[in-house]
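Heads up, the thing below is written out as structure tokens.
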Amino acid sequence: MTVSAPCAVIDKEGLDALVAALVAEGRTVVGPTVRDGAIVLAELTSADRLPYGWGVELDAGRYRLVPRADGAAFAHSSGPQSWKSFLHPARERLWSADRTPQGDLSFTADDAEPPSYAFLGVRPCDLRAIAIQDRVLTGGRFEDSGYGRRRRRALLIAAECTEPGATCFCVSAGGGPAAGPGYDLALTEVVDGYGHRFLVRVGSEEGARLLAEVPHRSADQVTEAAACGAVDAARGRMGRALPTVDLRTLLGASLAAERWDDVAARCLTCGNCTMVCPTCFCTTTEEVTDLTGDHTERWQRWDSCFDLDFSSLHEGPVRSSGRSRYRQWLTHKLGTWHDQFGSSGCVGCGRCIAWCPAGIDITEEVAALHTELGAETER
Amino acid sequence: MTAVPVPYRVVERRRETADSVTLRLEPVGDALAEFAPGQFAMVHCFGRGEIPLSVSSVQATGGLAHTVRGVGAVSDGLCETRAGDVLGLRGPYGTGWELERARGRDVLVVAGGIGFAPLRPLILRALAEPEAYGRVSVVVGARTPADLISREELERWRTAYTGVTVDWPDTAWRGDVGVVTQVMGRAPFDPGDGWAFVCGPEPMIRATARDLAHLGVPPERIRVSLERNMRCATGHCGHCQLGPVLVCRDGPVVGWDMAEPLLSVREL
Ligand SMILES: Cc1cc2nc3c(=O)[nH]c(=O)nc-3n(C[C@H](O)[C@H](O)[C@H](O)COP(=O)(O)OP(=O)(O)OC[C@H]3O[C@@H](n4cnc5c(N)ncnc54)[C@H](O)[C@@H]3O)c2cc1C
Ligand code: FES
């Protein structure tokens, strides 16, 4: 973490006041909370719903909540959901069409005002994931207007990472436990002999305005040093790492690799990895008609490149083997994403590792590809 | 996904073959921006869904035509529409043929089956300005004589060469039998200097482009139109990926220099 603009410190009451201020402004505050044995993202009406005193234990195919003695609110890694559940929801109506008795049609866009979200506790990896989805869904010639409307109104309060999980590898994915650009406010949680508090950095005018509304004090050296120290230590405690090679070149050269057969023998093509991935954006559309037959709606819903129908043409699917579908996912994520959208599609959050029912580990697969193809892809 | 469809009325429906029709459309209100030959629209059939269809004719008035082959729910629904029905269109999407780049050179058009549809407006443009292009040749293949689209037009057009071939002749067929690549060589065409435009089933595109490249046509002058599953056409749904390419955005028309390495990987 680098401290540039003067920082502030808030305590737990300050966090309560922050959530209260956001709610009072009419924002829909979303943040982590404990539900059904996991830390999920849900609407928060007050800061007491935060997962104080909960951490997580992660491994390939494994996710468990564990109590923490220090009572920290943000000392857990990413859970099964990401912010795309709100910005790029799993189901969304795009438009509807009505037919008059004369047979004329009118089309109506679904452009209702979306909620003004305030996301509390956005991990640095997820901050990068949001920036990646911004490029995909709003950065090209056409904009996904629903996403764009929700995104422009959203306020992002980051929580820097001090407790990486065993499946985390953000550092080797080009990020890190410190919050990069894009936040309105960034919090770093500190719990020590001097109390439970949050170092606050301001990233936007809106963030500054909000901070001014809640009780805060200017940052003291002890808090700053503790916060910086915890984030720096987290950088060295990543549970996993991608090989430090040019992944775009490696994946580009991998299309005939034998490793794809190996992973295909384990992969269930269930698509869990694409659902939990904070950058996977693929959708399909469906037509929903009412009983009168004169009203029809166009719905968009998440889709997965692991689905056999995903690549269907009338002759049949282009990618019928599991091998080709896993290869599509991984080569896209780490390779062709660069060609399509100007960056990698992976932020190293580790969700795909934790939520794979077969425990397939993206870092291990890439390492195996590197071992198999190593010499050919060194530059 | 962003744009809402714009209503277009079917003003004429012409049956082309047993499973395909050409629908001539006029905007009910404001027209979409003008389509270039090779570009496509997302065409919505009420209650059925929306599919990508290339334009098979473009009028200066804002009217256009689609030639559609019924292969499933939406395309069958479109084939069943009648004059007076209203459809919803979004577009124009994707890259066009960019015929202008071939000015002053020979033009060779090779089409297979319904792949003739997107090439039709290109042929009309080239023939409308005979002095602007070298020799314009058209080679068309179909499964049977009954599957040939725009047969009368093919006979009427004043091309330098028109070759028509079928896989399965009927008793009345006097023309060629076999694949387009066997006929293509007869077209008067300077491989080192001309431009080729190819659309049809993927195996046909591959065979045609390979043979043309073998004859010495530079791969970037072999323009091919690709087909992939498409849900959005705006670069957001991920369905149309072909390696690094989003076909709805970077295609459907691409050079063989770009397509060849991608189409040669199985199940990419
Ligand atoms: C850029 C482009 C231009 C095209 N131009 C024409 C044209 O001018 N004339 C024409 O007749 N056809 C054209 N097609 C093909 C046409 O879009 C498909 O035949 C149509 O989408 C099939 O949809 P359906 O609902 O009728 O069939 P479905 O009921 O969807 O089922 C048929 C099968 O096709 C699969 N499918 C779904 N979406 C697509 C898709 N987008 N493309 C192909 N298969 C799909 C289905 O999964 C299913 O397996 C074009 C396709 C593209 C990508
Ligand atoms: S059709 Fe959706 S990305 Fe190309």
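Note on naming: chains are A, B, ... as they come in the structure tokens, residues start from 1 per chain, ligands start from 1 in the order shown.
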Residues within 8 Å of ligand 1 should be enumerated using only C-alpha atoms and all ligand atoms and returned as a tab-separated table (two decimals) with all heavy atoms, in the first residue's frame.
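The resulting result36.tsv:
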```
chain	number	residue	atom	x	y	z
A	309	ASP	N	-24.23	-26.42	-25.72
A	309	ASP	CA	-24.97	-25.60	-26.67
A	309	ASP	C	-24.30	-24.26	-26.98
A	309	ASP	O	-24.69	-23.59	-27.93
A	309	ASP	CB	-26.36	-25.29	-26.10
A	309	ASP	CG	-27.43	-26.06	-26.82
A	309	ASP	OD1	-27.08	-26.79	-27.77
A	309	ASP	OD2	-28.61	-25.93	-26.43
A	310	PHE	N	-23.33	-23.91	-26.16
A	310	PHE	CA	-22.75	-22.57	-26.26
A	310	PHE	C	-22.26	-22.26	-27.67
A	310	PHE	O	-22.42	-21.14	-28.16
A	310	PHE	CB	-21.58	-22.46	-25.27
A	310	PHE	CG	-21.03	-21.06	-25.12
A	310	PHE	CD1	-21.61	-20.16	-24.23
A	310	PHE	CD2	-19.93	-20.65	-25.84
A	310	PHE	CE1	-21.10	-18.88	-24.08
A	310	PHE	CE2	-19.41	-19.36	-25.70
A	310	PHE	CZ	-20.01	-18.48	-24.81
A	311	SER	N	-21.67	-23.25	-28.32
A	311	SER	CA	-21.07	-23.01	-29.63
A	311	SER	C	-21.88	-23.64	-30.76
A	311	SER	O	-21.37	-23.84	-31.86
A	311	SER	CB	-19.65	-23.58	-29.65
A	311	SER	OG	-19.70	-24.99	-29.42
A	312	SER	N	-23.17	-23.93	-30.48
A	312	SER	CA	-23.98	-24.65	-31.46
A	312	SER	C	-24.18	-23.90	-32.76
A	312	SER	O	-24.49	-22.71	-32.76
A	312	SER	CB	-25.37	-24.92	-30.89
A	312	SER	OG	-25.32	-26.04	-30.08
A	313	LEU	N	-24.00	-24.61	-33.84
A	313	LEU	CA	-24.43	-24.16	-35.16
A	313	LEU	C	-25.42	-25.22	-35.61
A	313	LEU	O	-25.55	-26.24	-34.95
A	313	LEU	CB	-23.24	-24.08	-36.12
A	313	LEU	CG	-22.21	-23.01	-35.76
A	313	LEU	CD1	-21.03	-23.08	-36.71
A	313	LEU	CD2	-22.84	-21.63	-35.80
A	314	HIS	N	-26.10	-25.01	-36.73
A	314	HIS	CA	-27.13	-26.02	-36.98
A	314	HIS	C	-26.53	-27.38	-37.35
A	314	HIS	O	-27.17	-28.39	-37.20
A	314	HIS	CB	-28.22	-25.53	-37.94
A	314	HIS	CG	-27.93	-25.73	-39.36
A	314	HIS	ND1	-27.30	-24.78	-40.12
A	314	HIS	CD2	-28.16	-26.80	-40.16
A	314	HIS	CE1	-27.16	-25.27	-41.34
A	314	HIS	NE2	-27.66	-26.47	-41.40
A	315	GLU	N	-25.25	-27.39	-37.73
A	315	GLU	CA	-24.58	-28.69	-37.97
A	315	GLU	C	-24.22	-29.37	-36.65
A	315	GLU	O	-23.84	-30.53	-36.64
A	315	GLU	CB	-23.28	-28.52	-38.76
A	315	GLU	CG	-23.42	-27.86	-40.12
A	315	GLU	CD	-23.37	-26.34	-40.08
A	315	GLU	OE1	-23.26	-25.77	-38.96
A	315	GLU	OE2	-23.48	-25.72	-41.15
A	316	GLY	N	-24.27	-28.64	-35.54
A	316	GLY	CA	-23.88	-29.20	-34.24
A	316	GLY	C	-22.92	-28.24	-33.56
A	316	GLY	O	-22.55	-27.21	-34.12
A	317	PRO	N	-22.51	-28.57	-32.32
A	317	PRO	CA	-21.63	-27.66	-31.60
A	317	PRO	C	-20.22	-27.64	-32.21
A	317	PRO	O	-19.74	-28.67	-32.69
A	317	PRO	CB	-21.58	-28.23	-30.18
A	317	PRO	CG	-22.21	-29.56	-30.23
A	317	PRO	CD	-22.86	-29.77	-31.55
B	20	SER	N	-35.86	-22.30	-48.23
B	20	SER	CA	-35.41	-20.92	-48.03
B	20	SER	C	-36.29	-19.92	-48.78
B	20	SER	O	-36.88	-20.25	-49.81
B	20	SER	CB	-33.95	-20.76	-48.43
B	20	SER	OG	-33.79	-21.04	-49.80
B	39	GLN	N	-22.40	-7.17	-44.24
B	39	GLN	CA	-22.82	-6.95	-42.85
B	39	GLN	C	-24.11	-7.72	-42.56
B	39	GLN	O	-24.78	-8.20	-43.48
B	39	GLN	CB	-23.04	-5.46	-42.60
B	39	GLN	CG	-21.73	-4.68	-42.52
B	39	GLN	CD	-21.97	-3.27	-42.02
B	39	GLN	OE1	-22.74	-2.52	-42.61
B	39	GLN	NE2	-21.29	-2.91	-40.93
B	40	PHE	N	-24.46	-7.81	-41.29
B	40	PHE	CA	-25.66	-8.57	-40.92
B	40	PHE	C	-26.52	-7.80	-39.94
B	40	PHE	O	-26.08	-6.82	-39.32
B	40	PHE	CB	-25.28	-9.95	-40.37
B	40	PHE	CG	-24.54	-9.91	-39.04
B	40	PHE	CD1	-25.22	-10.11	-37.85
B	40	PHE	CD2	-23.18	-9.69	-38.99
B	40	PHE	CE1	-24.56	-10.08	-36.62
B	40	PHE	CE2	-22.50	-9.66	-37.77
B	40	PHE	CZ	-23.19	-9.86	-36.59
B	41	ALA	N	-27.76	-8.26	-39.84
B	41	ALA	CA	-28.71	-7.73	-38.85
B	41	ALA	C	-29.05	-8.84	-37.88
B	41	ALA	O	-28.93	-10.02	-38.19
B	41	ALA	CB	-29.98	-7.27	-39.56
B	48	ARG	N	-40.47	-15.97	-31.09
B	48	ARG	CA	-39.56	-17.09	-31.40
B	48	ARG	C	-38.13	-16.79	-30.95
B	48	ARG	O	-37.47	-17.62	-30.35
B	48	ARG	CB	-39.51	-17.35	-32.90
B	48	ARG	CG	-40.84	-17.75	-33.49
B	48	ARG	CD	-40.94	-19.27	-33.60
B	48	ARG	NE	-42.15	-19.64	-34.29
B	48	ARG	CZ	-42.22	-20.59	-35.22
B	48	ARG	NH1	-41.14	-21.24	-35.58
B	48	ARG	NH2	-43.36	-20.88	-35.79
B	49	GLY	N	-37.65	-15.61	-31.29
B	49	GLY	CA	-36.27	-15.28	-30.95
B	49	GLY	C	-35.62	-14.45	-32.04
B	49	GLY	O	-36.31	-13.93	-32.93
B	50	GLU	N	-34.32	-14.36	-31.94
B	50	GLU	CA	-33.56	-13.42	-32.77
B	50	GLU	C	-32.35	-14.14	-33.33
B	50	GLU	O	-31.65	-14.84	-32.60
B	50	GLU	CB	-33.11	-12.30	-31.83
B	50	GLU	CG	-32.76	-11.01	-32.47
B	50	GLU	CD	-32.21	-10.02	-31.44
B	50	GLU	OE1	-31.60	-10.43	-30.43
B	50	GLU	OE2	-32.39	-8.81	-31.67
B	51	ILE	N	-32.08	-13.99	-34.63
B	51	ILE	CA	-30.91	-14.65	-35.23
B	51	ILE	C	-30.16	-13.69	-36.15
B	51	ILE	O	-30.73	-12.73	-36.66
B	51	ILE	CB	-31.30	-15.92	-36.03
B	51	ILE	CG1	-32.29	-15.60	-37.14
B	51	ILE	CG2	-31.83	-17.00	-35.11
B	51	ILE	CD1	-32.51	-16.75	-38.12
B	52	PRO	N	-28.87	-13.96	-36.35
B	52	PRO	CA	-28.11	-13.13	-37.29
B	52	PRO	C	-28.41	-13.53	-38.73
B	52	PRO	O	-28.42	-14.71	-39.05
B	52	PRO	CB	-26.65	-13.47	-36.94
B	52	PRO	CG	-26.70	-14.83	-36.33
B	52	PRO	CD	-28.04	-14.98	-35.68
B	53	LEU	N	-28.67	-12.54	-39.57
B	53	LEU	CA	-28.87	-12.78	-41.00
B	53	LEU	C	-28.16	-11.69	-41.79
B	53	LEU	O	-28.32	-10.50	-41.50
B	53	LEU	CB	-30.35	-12.76	-41.37
B	53	LEU	CG	-31.24	-13.90	-40.85
B	53	LEU	CD1	-32.69	-13.65	-41.24
B	53	LEU	CD2	-30.77	-15.26	-41.37
B	54	SER	N	-27.40	-12.10	-42.77
B	54	SER	CA	-26.73	-11.14	-43.64
B	54	SER	C	-27.76	-10.47	-44.53
B	54	SER	O	-28.82	-11.04	-44.80
B	54	SER	CB	-25.73	-11.87	-44.54
B	54	SER	OG	-24.86	-12.62	-43.75
B	55	VAL	N	-27.43	-9.31	-45.04
B	55	VAL	CA	-28.33	-8.67	-46.00
B	55	VAL	C	-28.06	-9.27	-47.38
B	55	VAL	O	-26.91	-9.43	-47.79
B	55	VAL	CB	-28.16	-7.13	-46.04
B	55	VAL	CG1	-28.82	-6.51	-44.81
B	55	VAL	CG2	-26.71	-6.70	-46.15
B	56	SER	N	-29.15	-9.63	-48.08
B	56	SER	CA	-28.97	-10.16	-49.43
B	56	SER	C	-29.34	-9.11	-50.47
B	56	SER	O	-29.22	-9.34	-51.67
B	56	SER	CB	-29.77	-11.44	-49.64
B	56	SER	OG	-31.15	-11.20	-49.49
B	66	HIS	N	-33.44	-10.11	-46.74
B	66	HIS	CA	-32.71	-11.23	-46.15
B	66	HIS	C	-33.15	-12.49	-46.87
B	66	HIS	O	-34.33	-12.65	-47.19
B	66	HIS	CB	-33.05	-11.39	-44.66
B	66	HIS	CG	-32.48	-10.29	-43.81
B	66	HIS	ND1	-31.13	-10.08	-43.67
B	66	HIS	CD2	-33.09	-9.35	-43.06
B	66	HIS	CE1	-30.94	-9.06	-42.86
B	66	HIS	NE2	-32.10	-8.59	-42.48
B	67	THR	N	-32.19	-13.36	-47.11
B	67	THR	CA	-32.53	-14.67	-47.65
B	67	THR	C	-32.23	-15.67	-46.55
B	67	THR	O	-31.10	-15.73	-46.06
B	67	THR	CB	-31.70	-14.97	-48.91
B	67	THR	OG1	-31.97	-13.92	-49.85
B	67	THR	CG2	-32.09	-16.31	-49.51
B	68	VAL	N	-33.27	-16.37	-46.12
B	68	VAL	CA	-33.12	-17.18	-44.92
B	68	VAL	C	-33.49	-18.63	-45.20
B	68	VAL	O	-34.46	-18.91	-45.90
B	68	VAL	CB	-33.93	-16.59	-43.74
B	68	VAL	CG1	-35.39	-16.39	-44.12
B	68	VAL	CG2	-33.83	-17.45	-42.49
B	69	ARG	N	-32.67	-19.51	-44.66
B	69	ARG	CA	-32.93	-20.95	-44.79
B	69	ARG	C	-33.44	-21.45	-43.45
B	69	ARG	O	-32.85	-21.18	-42.40
B	69	ARG	CB	-31.61	-21.64	-45.16
B	69	ARG	CG	-31.73	-23.12	-45.27
B	69	ARG	CD	-30.48	-23.71	-45.90
B	69	ARG	NE	-30.45	-25.13	-45.57
B	69	ARG	CZ	-29.42	-25.77	-45.05
B	69	ARG	NH1	-28.30	-25.13	-44.80
B	69	ARG	NH2	-29.50	-27.04	-44.76
B	70	GLY	N	-34.54	-22.16	-43.48
B	70	GLY	CA	-35.16	-22.66	-42.25
B	70	GLY	C	-34.40	-23.87	-41.71
B	70	GLY	O	-34.36	-24.91	-42.36
B	71	VAL	N	-33.76	-23.69	-40.55
B	71	VAL	CA	-33.02	-24.81	-39.95
B	71	VAL	C	-33.40	-25.01	-38.49
B	71	VAL	O	-32.88	-25.91	-37.83
B	71	VAL	CB	-31.48	-24.62	-40.03
B	71	VAL	CG1	-31.01	-24.54	-41.46
B	71	VAL	CG2	-31.04	-23.37	-39.26
B	72	GLY	N	-34.28	-24.16	-37.95
B	72	GLY	CA	-34.60	-24.25	-36.53
B	72	GLY	C	-35.74	-23.30	-36.21
B	72	GLY	O	-36.37	-22.75	-37.11
B	73	ALA	N	-35.96	-23.11	-34.90
B	73	ALA	CA	-37.15	-22.39	-34.45
B	73	ALA	C	-37.30	-21.01	-35.10
B	73	ALA	O	-38.34	-20.68	-35.65
B	73	ALA	CB	-37.12	-22.26	-32.94
B	74	VAL	N	-36.24	-20.20	-35.03
B	74	VAL	CA	-36.39	-18.81	-35.48
B	74	VAL	C	-36.36	-18.73	-37.00
B	74	VAL	O	-37.19	-18.05	-37.61
B	74	VAL	CB	-35.28	-17.93	-34.86
B	74	VAL	CG1	-35.51	-16.47	-35.26
B	74	VAL	CG2	-35.26	-18.08	-33.36
B	75	SER	N	-35.42	-19.42	-37.61
B	75	SER	CA	-35.33	-19.33	-39.07
B	75	SER	C	-36.57	-19.93	-39.73
B	75	SER	O	-37.05	-19.42	-40.75
B	75	SER	CB	-34.05	-19.99	-39.57
B	75	SER	OG	-33.91	-21.28	-39.05
B	76	ASP	N	-37.14	-20.99	-39.14
B	76	ASP	CA	-38.40	-21.53	-39.67
B	76	ASP	C	-39.51	-20.49	-39.53
B	76	ASP	O	-40.31	-20.29	-40.44
B	76	ASP	CB	-38.81	-22.80	-38.92
B	76	ASP	CG	-37.96	-24.01	-39.31
B	76	ASP	OD1	-37.30	-23.94	-40.37
B	76	ASP	OD2	-37.97	-25.01	-38.57
B	77	GLY	N	-39.53	-19.83	-38.36
B	77	GLY	CA	-40.55	-18.80	-38.13
B	77	GLY	C	-40.44	-17.69	-39.16
B	77	GLY	O	-41.45	-17.20	-39.68
B	94	GLY	N	-21.03	-5.93	-37.74
B	94	GLY	CA	-19.92	-6.69	-38.33
B	94	GLY	C	-19.26	-5.98	-39.50
B	94	GLY	O	-19.61	-4.86	-39.88
B	114	ILE	N	-26.63	-21.46	-49.02
B	114	ILE	CA	-27.20	-20.20	-48.52
B	114	ILE	C	-26.11	-19.12	-48.44
B	114	ILE	O	-26.41	-17.93	-48.35
B	114	ILE	CB	-27.90	-20.44	-47.17
B	114	ILE	CG1	-28.75	-19.25	-46.73
B	114	ILE	CG2	-26.90	-20.78	-46.07
B	114	ILE	CD1	-30.05	-19.12	-47.46
B	115	GLY	N	-24.85	-19.53	-48.50
B	115	GLY	CA	-23.73	-18.59	-48.51
B	115	GLY	C	-23.76	-17.63	-49.69
B	115	GLY	O	-23.04	-16.63	-49.71
B	117	ALA	N	-26.29	-15.77	-50.27
B	117	ALA	CA	-27.08	-14.60	-49.84
B	117	ALA	C	-26.22	-13.37	-49.54
B	117	ALA	O	-26.46	-12.31	-50.12
B	117	ALA	CB	-27.96	-14.97	-48.66
B	118	PRO	N	-25.23	-13.48	-48.68
B	118	PRO	CA	-24.45	-12.27	-48.37
B	118	PRO	C	-23.60	-11.78	-49.54
B	118	PRO	O	-23.17	-10.62	-49.54
B	118	PRO	CB	-23.56	-12.71	-47.20
B	118	PRO	CG	-23.57	-14.18	-47.21
B	118	PRO	CD	-24.87	-14.61	-47.81
B	225	SER	N	-16.44	-15.17	-45.24
B	225	SER	CA	-17.42	-14.78	-44.22
B	225	SER	C	-17.66	-15.98	-43.31
B	225	SER	O	-18.02	-17.06	-43.77
B	225	SER	CB	-18.73	-14.33	-44.86
B	225	SER	OG	-19.63	-13.92	-43.86
B	226	LEU	N	-17.44	-15.79	-42.01
B	226	LEU	CA	-17.49	-16.89	-41.05
B	226	LEU	C	-18.82	-16.93	-40.32
B	226	LEU	O	-19.48	-15.90	-40.15
B	226	LEU	CB	-16.37	-16.72	-40.02
B	226	LEU	CG	-14.96	-16.65	-40.60
B	226	LEU	CD1	-13.96	-16.36	-39.49
B	226	LEU	CD2	-14.61	-17.95	-41.32
B	227	GLU	N	-19.19	-18.10	-39.85
B	227	GLU	CA	-20.41	-18.24	-39.06
B	227	GLU	C	-20.09	-18.85	-37.70
B	227	GLU	O	-19.40	-19.85	-37.61
B	227	GLU	CB	-21.42	-19.14	-39.78
B	227	GLU	CG	-22.71	-19.27	-38.98
B	227	GLU	CD	-23.76	-20.17	-39.62
B	227	GLU	OE1	-23.59	-20.56	-40.79
B	227	GLU	OE2	-24.74	-20.47	-38.93
B	228	ARG	N	-20.56	-18.22	-36.67
B	228	ARG	CA	-20.49	-18.78	-35.33
B	228	ARG	C	-21.81	-18.48	-34.64
B	228	ARG	O	-22.57	-17.63	-35.09
B	228	ARG	CB	-19.33	-18.14	-34.51
B	228	ARG	CG	-17.95	-18.73	-34.84
B	228	ARG	CD	-17.86	-20.20	-34.45
B	228	ARG	NE	-16.60	-20.85	-34.81
B	228	ARG	CZ	-16.36	-21.47	-35.96
B	228	ARG	NH1	-17.27	-21.49	-36.92
B	228	ARG	NH2	-15.21	-22.07	-36.18
B	229	ASN	N	-22.09	-19.19	-33.54
B	229	ASN	CA	-23.28	-18.90	-32.77
B	229	ASN	C	-23.22	-17.45	-32.29
B	229	ASN	O	-22.17	-16.99	-31.83
B	229	ASN	CB	-23.33	-19.87	-31.58
B	229	ASN	CG	-24.67	-19.85	-30.87
B	229	ASN	OD1	-25.17	-18.80	-30.51
B	229	ASN	ND2	-25.25	-21.01	-30.67
B	230	MET	N	-24.32	-16.73	-32.42
B	230	MET	CA	-24.34	-15.33	-31.99
B	230	MET	C	-25.61	-15.03	-31.22
B	230	MET	O	-26.69	-15.35	-31.68
B	230	MET	CB	-24.29	-14.41	-33.22
B	230	MET	CG	-22.97	-14.43	-33.92
B	230	MET	SD	-22.91	-13.21	-35.23
B	230	MET	CE	-21.27	-13.59	-35.89
B	231	ARG	N	-25.45	-14.45	-30.06
B	231	ARG	CA	-26.62	-14.07	-29.27
B	231	ARG	C	-26.79	-12.56	-29.21
B	231	ARG	O	-27.89	-12.08	-29.01
B	231	ARG	CB	-26.51	-14.60	-27.83
B	231	ARG	CG	-26.14	-16.06	-27.67
B	231	ARG	CD	-26.98	-17.03	-28.43
B	231	ARG	NE	-28.42	-16.87	-28.23
B	231	ARG	CZ	-29.33	-17.69	-28.76
B	231	ARG	NH1	-28.96	-18.72	-29.49
B	231	ARG	NH2	-30.60	-17.47	-28.55
B	240	CYS	N	-19.59	-15.89	-30.03
B	240	CYS	CA	-19.07	-15.98	-31.40
B	240	CYS	C	-17.56	-16.07	-31.44
B	240	CYS	O	-16.96	-15.82	-32.47
B	240	CYS	CB	-19.54	-14.76	-32.19
B	240	CYS	SG	-18.80	-13.24	-31.56
B	247	VAL	N	-16.36	-12.94	-33.77
B	247	VAL	CA	-16.81	-12.91	-35.17
B	247	VAL	C	-17.82	-11.79	-35.41
B	247	VAL	O	-17.83	-11.17	-36.47
B	247	VAL	CB	-17.35	-14.29	-35.61
B	247	VAL	CG1	-17.94	-14.23	-37.01
B	247	VAL	CG2	-16.25	-15.33	-35.56
B	248	CYS	N	-18.64	-11.46	-34.41
B	248	CYS	CA	-19.65	-10.41	-34.63
B	248	CYS	C	-19.01	-9.03	-34.73
B	248	CYS	O	-19.58	-8.12	-35.30
B	248	CYS	CB	-20.68	-10.40	-33.50
B	248	CYS	SG	-20.09	-9.78	-31.92
B	251	GLY	N	-15.45	-9.80	-37.46
B	251	GLY	CA	-15.93	-10.43	-38.68
B	251	GLY	C	-17.32	-9.91	-38.93
B	251	GLY	O	-17.64	-8.84	-38.43
B	252	PRO	N	-18.19	-10.64	-39.64
B	252	PRO	CA	-17.95	-12.00	-40.13
B	252	PRO	C	-16.96	-12.07	-41.28
B	252	PRO	O	-16.38	-13.12	-41.50
B	252	PRO	CB	-19.34	-12.47	-40.57
B	252	PRO	CG	-20.08	-11.21	-40.91
B	252	PRO	CD	-19.57	-10.17	-39.96
```
Which chain B residues are at most 9 Å from chain A (counting only C-alpha atoms), as a PyMOL selection string? chain B and resi 1-7+9+28+46-50+71-72+84-88+227-232+234-241+243-246+249+265-268
Can you write out the residues you just picked, keeping C-alpha atoms, as an mmCIF file, in the first residue's frame?
```
data_model
loop_
_atom_site.group_PDB
_atom_site.id
_atom_site.type_symbol
_atom_site.label_atom_id
_atom_site.label_comp_id
_atom_site.auth_asym_id
_atom_site.auth_seq_id
_atom_site.Cartn_x
_atom_site.Cartn_y
_atom_site.Cartn_z
ATOM 1 C CA MET B 1 -26.669 -5.936 -25.632
ATOM 2 C CA THR B 2 -27.951 -2.492 -26.112
ATOM 3 C CA ALA B 3 -30.157 -1.590 -29.052
ATOM 4 C CA VAL B 4 -33.852 -2.388 -29.190
ATOM 5 C CA PRO B 5 -35.075 -3.766 -32.524
ATOM 6 C CA VAL B 6 -36.566 -1.404 -35.085
ATOM 7 C CA PRO B 7 -39.796 -2.534 -36.807
ATOM 8 C CA ARG B 9 -42.437 -4.726 -42.586
ATOM 9 C CA VAL B 28 -42.121 0.939 -40.630
ATOM 10 C CA PHE B 46 -42.040 -12.339 -32.656
ATOM 11 C CA GLY B 47 -42.300 -14.935 -29.904
ATOM 12 C CA ARG B 48 -39.556 -17.086 -31.396
ATOM 13 C CA GLY B 49 -36.271 -15.278 -30.952
ATOM 14 C CA GLU B 50 -33.564 -13.419 -32.766
ATOM 15 C CA VAL B 71 -33.019 -24.812 -39.952
ATOM 16 C CA GLY B 72 -34.602 -24.253 -36.534
ATOM 17 C CA GLY B 84 -47.485 -7.443 -44.211
ATOM 18 C CA ASP B 85 -45.929 -9.084 -41.144
ATOM 19 C CA VAL B 86 -43.613 -6.997 -39.006
ATOM 20 C CA LEU B 87 -40.162 -8.089 -37.804
ATOM 21 C CA GLY B 88 -37.664 -6.377 -35.518
ATOM 22 C CA GLU B 227 -20.414 -18.237 -39.064
ATOM 23 C CA ARG B 228 -20.489 -18.780 -35.325
ATOM 24 C CA ASN B 229 -23.285 -18.902 -32.771
ATOM 25 C CA MET B 230 -24.340 -15.326 -31.994
ATOM 26 C CA ARG B 231 -26.616 -14.071 -29.273
ATOM 27 C CA CYS B 232 -25.838 -10.350 -29.046
ATOM 28 C CA THR B 234 -22.441 -6.366 -29.979
ATOM 29 C CA GLY B 235 -19.331 -8.087 -28.621
ATOM 30 C CA HIS B 236 -20.793 -8.795 -25.175
ATOM 31 C CA CYS B 237 -22.131 -12.354 -25.038
ATOM 32 C CA GLY B 238 -18.958 -14.286 -25.879
ATOM 33 C CA HIS B 239 -20.719 -16.830 -28.098
ATOM 34 C CA CYS B 240 -19.074 -15.976 -31.399
ATOM 35 C CA GLN B 241 -15.475 -16.466 -30.270
ATOM 36 C CA GLY B 243 -9.740 -17.870 -30.746
ATOM 37 C CA PRO B 244 -8.767 -14.202 -30.530
ATOM 38 C CA VAL B 245 -11.582 -13.153 -32.862
ATOM 39 C CA LEU B 246 -15.079 -12.088 -31.899
ATOM 40 C CA ARG B 249 -17.175 -7.595 -34.102
ATOM 41 C CA VAL B 265 -7.447 -25.950 -35.213
ATOM 42 C CA ARG B 266 -10.095 -28.556 -34.483
ATOM 43 C CA GLU B 267 -12.910 -27.419 -32.175
ATOM 44 C CA LEU B 268 -11.488 -23.929 -31.672
#
```
Where in stretch 44-161 of chain B does DSSP assign strand (DSSP E or B), given as a PyMOL selection string? chain B and resi 44-45+49-54+57-58+64-69+86-93+95+107-112+136-142+161
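Atom CA of A:His370 is positioned 9.9 Å from atom CA of A:Thr244.
Separating atom CA of A:Leu44 from atom CA of A:Arg27 is a distance of 10.4 Å.
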Run DSSP on the backbone and grab whatever in stretch 327-359 of chain A lands in alpha helix (DSSP H); send it over as a PyMOL selection string. chain A and resi 327-331+337-341+351-354
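Atom CA of B:Pro188 sits 8.6 Å away from atom CA of B:Leu108.
Distance check against B:Phe116 using only C-alpha atoms: of B:Cys199, B:Ala187, B:Val179, B:Val136, the minimum falls on B:Cys199.
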For each of B:Met258, B:Asp250, B:Val21, B:Pro27, take the minimum atom-to-atom distance to ligand 2, counting only C-alpha atoms and all ligand atoms, then give the residue where this is smallest. B:Asp250
